[in-house]
Amino acid sequence: MMAWSSLIEILRLPGRLLRMAAAALWAYKLRSAFVVCGVALGIASLTIIVAAVDGAQRKALEIVSFFGPDAAFVLGGDIRSRAVGQRNLTLSWDDTRAIRQSLPGAYLVVPMRAKSGLTAHYLENQREIPIVVGTAANYAEAWNWPLSEGRDLATEDVEHGAKVCLIGDTAARELFGNASPIGRTLFLDRVPLQVIGRLAYRGLSGGGGSIDDRIILPITTLTQRFNMSRKYFRALRVKFRDAANMPANIEGLRSLLRHQHRLGPGDKDDFTILTADEILKFLSMLKGGLVIFLGVTALVAVVVGGFVLANLFYLSVAERTVEIGLKMALGAKKRAILLQILVEAVVLTLLGALLGMALGMAMGQLLERLGVLQILFSWKVFFLSLAAAVAIGVLFGLKPARQAAALDPIAALKGL
Amino acid sequence: MNGPGALIALEEITRSYRQGEQTIPVLRGISLTIERGEFVALQGPSGSGKSTLLHILGLLDRPSGGRYRLLGDDVAGLPDDRLSELRNRTLGFLFQSFYLVPYVSALENVILPGLYGPTPGRVLRERAEQLLTQVGLGDRLHFRPNQLSGGQQQRVALARALINDPQLLLADEPTGQLDSTTSVEILELLATIHAQGRTIVLVTHDEATAACAQRRIVLHDGLVVTD
């Protein structure tokens with residue numbers, strides 16, 4: 001009987017303390033507001049960090065799915081030793097032929113060259129094309145990039161250096177408006193090119209920025225008409241039949257290229273092979289850096305919020321000594337006093353968490369609009385923030401709460 | 001547990017404080033019994049130890065020596081939590097400076113001790129309204145303490161002391177901060193409460209206040225000089 005009633009008491013007390021806490025916090029509004037703001041800033045940065053890391057994760061997966069798990073991308077030169085654009089041009093038509101003929105499992109080999117700074121015209125419309133890609137047949141298939149209309153580049157187009165091109169969705173929209181670009185002729189600098197295919201909207205690229213403003217033409221046409229070296233490519237795209245066996249495929253490709261380039265056993269590769277795995281590794285490295293940097297920032301912000309809370313609660317306990325002594329005299333156990341202060345702290349940190357999340361989302365929107373970060377909000381972010389808030393409240397509220405619970409009722413009633 | 005016999009039985013209660021290397025005795029051996037239904041005034045000049053004795057009776061302080069039996073039970077060995085429960089269920093307190101929580105209404109101040117006990121909230125609310133009506137504040141249930149006069153605040157505190165239906169009411173100079181008219185009102189209320197069968201122990205240094213009680217105990221230098 002005794003145990004039963006004290007159980008009910010224990011279960012009922014937190015609800016009653018919550019209502020007391022609400023009254024007390026409302027009575028000391030300014031102090032409460034300071035705690036809420038202090039915690040909100042910490043939670044806001046935490047929110048952004050988790051959302052940014054999730055966003056980076058999603059972006060990495062998108063990039064990898066675009067890249068394709070069954071493909072390799074071979075760059076001339078060693079990217080670790082030279083910046084983009086200054087890599088050695090080491091890949092040649094001979095390499096392409098050799099891979100096609102003697103690498104088992106490779107069913108598509110598409111060489112690429114690129115030229116930047118060209119301008120496309122159609123009637124009175126004109127547009128800078130950041131990257132013009134010269135490539136071989138089956139570009140769209142090699143890049144898992146569907147055509148929204150028209151056809152892909154064919155072997156004959158490449159063999160004859162045909163004046164045809166594929167066009168990215170954004171570029172097509174800007175040059176041709178809503179009309180279909182298929183069959184129309186645009187001018188790339190002074191070279192007329194007939195549009196044969198339009199690539200579906202993609203909206204992302206590995207390096208940030210759009211890839212929907214590209215124009216793609218046969219590599220032969222690019223080198224002949226725009227006066228570029230005809231022997232080397234910047235890159236090779238290779239697709240394999242068996243995606244499950246990528247490590248072996250890549251090793252085969254590597255030894256074939258080393259043989260082609262007559263590299264001795266001690267020489268370094270003069271090319272770089274990228275795969276989805278490699279990209280994932282690179283991205284997760286990047287993400288790791290991001291997590292550490294932002295994590296330290298968030299931790300500092302959260303700890304600062306916690307110290308604000310702890311200090312204001314010391315002040316609160318000191319200021320409300322008489323009230324605490326009174327409650328003890330009226331029969332509040334030490335546990336009830338401790339719990340009351342903790343409940344007050346946690347109520348404030350939870351309010352801080354809600355405010356912080358709103359703040360974080362607003363800041364996240366801003367960062368995303370500025371193109372700094374991709375932000376992904378989720379229930380995970382929500383519950384993580386709430387959990388962090390409870391942890392701050394309990395962790396930093398505990399010492400002031402213990403101090404309150406340890407007061408001697410007689411001295412406390414005298415305000416000592 | 002609630003066997004027959006005295007409500008309070010003190011045997012040779014001592015209490016001393018340590019100040020640096022010195023030990024200062026405040027109570028030097030107090031023995032007395034208080035029966036159910038008594039109205040006792042504890043008198044004495046300041047420094048006589050009457051407040052200390054009240055704190056010990058109220059389980060806010062533990063004696064240095066001697067034996068204190070409340071309702072027949074020796075309270076010396078009880079843990080703090082059990083003392084809190086006893087304070088909550090069997091004792092009511094009235095203080096000189098009222099000690100109301102400033103930011104809640106009269107009604108919520110009266111309910112406060114009930115919140116630490118087992119009584120359901122609805123019952124507490126009804127009882128608090130009744131008690132406030134009884135002390136003449138039925139029309140001021142939702143006033144804040146700073147909207148009430150000193151006498152009214154002490155009446156709220158009196159209602160609060162009765163919310164858990166205690167057997168013993170302990171009052172520490174309850175009229176010390178009130179003028180003579182309001183003092184009389186409070187003392188009349190105490191007399192009514194006593195007439196309803198409750199035991200009251202009242203600390204005062206004022207003769208007029210002590211005159212309300214049936215029994216006077218005078219302390220001097222930590223000893224009972226008159227009973």
# chains A, B, ... in the order shown; residues from 1 in each chain; ligands from 1

call {"tool": "interface_residues", "arguments": {"of": "chain B", "to": "chain A", "cutoff": "6 Å", "atoms": "only C-alpha atoms", "output": "VMD selection string"}}
result
chain B and resid 81 84 to 85 87 to 88 103 113 116 118

call {"tool": "write_last_selection", "arguments": {"atoms": "C-alpha atoms", "output": "PDB file, in the first residue's frame"}}
result
ATOM      1  CA  ASP B  81      13.497  11.864   2.919  1.00  0.00           C
ATOM      2  CA  SER B  84      10.577  15.620   4.510  1.00  0.00           C
ATOM      3  CA  GLU B  85       7.503  13.397   4.353  1.00  0.00           C
ATOM      4  CA  ARG B  87       7.118  17.768   7.578  1.00  0.00           C
ATOM      5  CA  ASN B  88       4.854  17.557   4.572  1.00  0.00           C
ATOM      6  CA  TYR B 103       5.250  34.809  -8.822  1.00  0.00           C
ATOM      7  CA  PRO B 113       2.840  21.778  -0.038  1.00  0.00           C
ATOM      8  CA  TYR B 116       4.868  17.165  -2.773  1.00  0.00           C
ATOM      9  CA  PRO B 118      -0.016  12.075  -2.699  1.00  0.00           C
TER      10      PRO B 118
END

call {"tool": "select_by_dssp", "arguments": {"residues": "region 9-80 of chain A", "states": "helix (DSSP H, G or I)", "output": "count of residues only"}}
result
58

call {"tool": "closest_residue", "arguments": {"among": "A:Leu338, A:Ile219, A:Cys165, A:Leu11", "to": "Trp93 (chain A)", "atoms": "only C-alpha atoms"}}
result
A:Ile219

call {"tool": "closest_residue", "arguments": {"among": "A:Ile341, A:Val296, A:Leu188, A:Leu46", "to": "Ser316 (chain A)", "atoms": "only C-alpha atoms"}}
result
A:Ile341

call {"tool": "residues_around", "arguments": {"residues": "Gly29 (chain B)", "least_positions_apart": "5", "cutoff": "10 Å", "atoms": "only C-alpha atoms", "output": "list in words"}}
result
Leu10, Glu11, Glu12, Ile13, Thr14, Arg15, Gly65, Gly66, Gly222, Leu223 and Val224 of chain B

call {"tool": "residues_around", "arguments": {"residues": "Pro247 (chain A)", "least_positions_apart": "5", "cutoff": "12 Å", "atoms": "only C-alpha atoms", "output": "PDB file with N, CA and C atoms, in the first residue's frame"}}
result
ATOM      1  N   PRO A  69      28.673   2.666 -61.391  1.00  0.00           N
ATOM      2  CA  PRO A  69      29.520   1.712 -60.680  1.00  0.00           C
ATOM      3  C   PRO A  69      30.300   0.799 -61.627  1.00  0.00           C
ATOM      4  N   ASP A  70      29.925   0.821 -62.931  1.00  0.00           N
ATOM      5  CA  ASP A  70      30.534  -0.112 -63.890  1.00  0.00           C
ATOM      6  C   ASP A  70      31.539   0.596 -64.786  1.00  0.00           C
ATOM      7  N   ALA A  71      31.953   1.797 -64.392  1.00  0.00           N
ATOM      8  CA  ALA A  71      32.760   2.588 -65.313  1.00  0.00           C
ATOM      9  C   ALA A  71      34.074   3.040 -64.690  1.00  0.00           C
ATOM     10  N   ALA A  72      35.018   3.327 -65.542  1.00  0.00           N
ATOM     11  CA  ALA A  72      36.267   3.934 -65.097  1.00  0.00           C
ATOM     12  C   ALA A  72      36.512   5.165 -65.947  1.00  0.00           C
ATOM     13  N   PHE A 240      32.527  -1.242 -68.311  1.00  0.00           N
ATOM     14  CA  PHE A 240      32.744  -2.691 -68.254  1.00  0.00           C
ATOM     15  C   PHE A 240      31.421  -3.438 -68.160  1.00  0.00           C
ATOM     16  N   ASP A 242      31.002  -6.274 -66.449  1.00  0.00           N
ATOM     17  CA  ASP A 242      30.850  -6.919 -65.144  1.00  0.00           C
ATOM     18  C   ASP A 242      31.192  -5.944 -64.012  1.00  0.00           C
ATOM     19  N   GLY A 252      43.472  -4.744 -64.872  1.00  0.00           N
ATOM     20  CA  GLY A 252      43.737  -5.073 -66.279  1.00  0.00           C
ATOM     21  C   GLY A 252      43.964  -3.820 -67.107  1.00  0.00           C
ATOM     22  N   LEU A 253      43.107  -2.840 -66.905  1.00  0.00           N
ATOM     23  CA  LEU A 253      43.206  -1.581 -67.647  1.00  0.00           C
ATOM     24  C   LEU A 253      44.545  -0.907 -67.362  1.00  0.00           C
ATOM     25  N   ARG A 254      44.927  -0.937 -66.073  1.00  0.00           N
ATOM     26  CA  ARG A 254      46.142  -0.258 -65.663  1.00  0.00           C
ATOM     27  C   ARG A 254      47.368  -0.915 -66.292  1.00  0.00           C
ATOM     28  N   ILE A 273      43.492   6.524 -62.996  1.00  0.00           N
ATOM     29  CA  ILE A 273      42.206   5.858 -63.213  1.00  0.00           C
ATOM     30  C   ILE A 273      41.268   6.193 -62.058  1.00  0.00           C
ATOM     31  N   LEU A 274      40.114   6.778 -62.384  1.00  0.00           N
ATOM     32  CA  LEU A 274      39.096   7.077 -61.370  1.00  0.00           C
ATOM     33  C   LEU A 274      37.940   6.096 -61.505  1.00  0.00           C
ATOM     34  N   THR A 275      37.462   5.626 -60.358  1.00  0.00           N
ATOM     35  CA  THR A 275      36.247   4.805 -60.364  1.00  0.00           C
ATOM     36  C   THR A 275      35.283   5.380 -59.335  1.00  0.00           C
ATOM     37  N   ALA A 276      34.079   4.842 -59.314  1.00  0.00           N
ATOM     38  CA  ALA A 276      33.094   5.301 -58.333  1.00  0.00           C
ATOM     39  C   ALA A 276      33.654   5.173 -56.918  1.00  0.00           C
ATOM     40  N   ASP A 277      34.356   4.070 -56.679  1.00  0.00           N
ATOM     41  CA  ASP A 277      34.958   3.848 -55.365  1.00  0.00           C
ATOM     42  C   ASP A 277      35.962   4.936 -55.005  1.00  0.00           C
ATOM     43  N   GLU A 278      36.815   5.250 -56.004  1.00  0.00           N
ATOM     44  CA  GLU A 278      37.822   6.288 -55.785  1.00  0.00           C
ATOM     45  C   GLU A 278      37.152   7.615 -55.433  1.00  0.00           C
TER      46      GLU A 278
END

call {"tool": "atom_distance", "arguments": {"atom1": "CA of Gly15 (chain A)", "atom2": "CA of Leu112 (chain B)"}}
result
13.6 Å

call {"tool": "closest_residue", "arguments": {"among": "B:His220, B:Val75, B:Leu170, B:Arg155", "to": "His194 (chain B)", "atoms": "only C-alpha atoms"}}
result
B:Leu170

call {"tool": "select_by_dssp", "arguments": {"residues": "region 253-349 of chain A", "states": "strand (DSSP E or B)", "output": "list in words"}}
result
Phe271, Thr272, Ile273, Leu274 and Thr275 of chain A

call {"tool": "write_last_selection", "arguments": {"atoms": "C-alpha atoms", "output": "mmCIF file, in the first residue's frame"}}
result
data_model
loop_
_atom_site.group_PDB
_atom_site.id
_atom_site.type_symbol
_atom_site.label_atom_id
_atom_site.label_comp_id
_atom_site.auth_asym_id
_atom_site.auth_seq_id
_atom_site.Cartn_x
_atom_site.Cartn_y
_atom_site.Cartn_z
ATOM 1 C CA PHE A 271 47.735 8.399 -66.140
ATOM 2 C CA THR A 272 45.105 8.266 -63.394
ATOM 3 C CA ILE A 273 42.206 5.858 -63.213
ATOM 4 C CA LEU A 274 39.096 7.077 -61.370
ATOM 5 C CA THR A 275 36.247 4.805 -60.364
#

call {"tool": "atom_distance", "arguments": {"atom1": "CA of Val225 (chain B)", "atom2": "CA of Pro63 (chain B)"}}
result
19.7 Å

call {"tool": "closest_residue", "arguments": {"among": "B:Ser97, B:Thr204, B:Gln214, B:Thr209", "to": "Leu54 (chain B)", "atoms": "only C-alpha atoms"}}
result
B:Thr204

call {"tool": "residues_around", "arguments": {"residues": "Leu355 (chain A)", "least_positions_apart": "4", "cutoff": "9 Å", "atoms": "only C-alpha atoms", "output": "list in words"}}
result
Val36, Cys37, Val39, Ala40, Leu41, Ile43, Ala44, Leu350, Leu351, Leu359 and Gly360 of chain A

call {"tool": "residues_around", "arguments": {"residues": "Leu257 (chain A)", "least_positions_apart": "6", "cutoff": "9 Å", "atoms": "only C-alpha atoms", "output": "NGL selection string"}}
result
:A and (91 or 95 or 98-99 or 263 or 269 or 271)

call {"tool": "closest_residue", "arguments": {"among": "B:His55, B:Arg216, B:Arg89, B:Arg160", "to": "Leu32 (chain B)", "atoms": "only C-alpha atoms"}}
result
B:Arg216

call {"tool": "residues_around", "arguments": {"residues": "Gly44 (chain B)", "least_positions_apart": "2", "cutoff": "12 Å", "atoms": "only C-alpha atoms", "output": "PDB file with C-alpha atoms, in the first residue's frame"}}
result
ATOM      1  CA  ALA B  41       3.389  29.488  23.527  1.00  0.00           C
ATOM      2  CA  LEU B  42       7.217  29.274  23.542  1.00  0.00           C
ATOM      3  CA  SER B  46      16.268  36.566  21.876  1.00  0.00           C
ATOM      4  CA  GLY B  47      19.124  34.124  22.196  1.00  0.00           C
ATOM      5  CA  SER B  48      17.160  31.945  24.595  1.00  0.00           C
ATOM      6  CA  GLY B  49      16.985  29.160  21.985  1.00  0.00           C
ATOM      7  CA  LYS B  50      13.248  29.251  21.271  1.00  0.00           C
ATOM      8  CA  SER B  51      13.698  29.422  17.490  1.00  0.00           C
ATOM      9  CA  THR B  52      16.234  26.611  17.570  1.00  0.00           C
ATOM     10  CA  LEU B  53      13.800  24.535  19.576  1.00  0.00           C
ATOM     11  CA  GLU B 173       6.559  34.895  15.438  1.00  0.00           C
ATOM     12  CA  LEU B 202       3.746  29.303  18.758  1.00  0.00           C
ATOM     13  CA  VAL B 203       7.066  31.092  19.279  1.00  0.00           C
ATOM     14  CA  THR B 204       6.799  34.686  20.419  1.00  0.00           C
ATOM     15  CA  HIS B 205       8.432  37.251  22.644  1.00  0.00           C
ATOM     16  CA  ASP B 206       5.222  39.276  22.828  1.00  0.00           C
ATOM     17  CA  GLU B 207       3.130  38.942  26.019  1.00  0.00           C
ATOM     18  CA  ALA B 210       1.406  34.533  24.318  1.00  0.00           C
ATOM     19  CA  ARG B 216       3.314  28.967  28.268  1.00  0.00           C
ATOM     20  CA  ILE B 217       6.823  27.634  28.235  1.00  0.00           C
ATOM     21  CA  VAL B 218       9.506  30.213  28.941  1.00  0.00           C
ATOM     22  CA  LEU B 219      13.074  29.548  27.850  1.00  0.00           C
ATOM     23  CA  HIS B 220      16.167  31.241  29.157  1.00  0.00           C
ATOM     24  CA  ASP B 221      19.731  30.440  28.105  1.00  0.00           C
ATOM     25  CA  GLY B 222      18.696  27.165  26.564  1.00  0.00           C
ATOM     26  CA  LEU B 223      16.748  25.882  29.521  1.00  0.00           C
ATOM     27  CA  VAL B 224      13.057  25.813  30.415  1.00  0.00           C
ATOM     28  CA  VAL B 225      12.512  28.239  33.298  1.00  0.00           C
ATOM     29  CA  THR B 226       8.729  28.310  33.495  1.00  0.00           C
ATOM     30  CA  ASP B 227       6.159  25.771  32.270  1.00  0.00           C
TER      31      ASP B 227
END
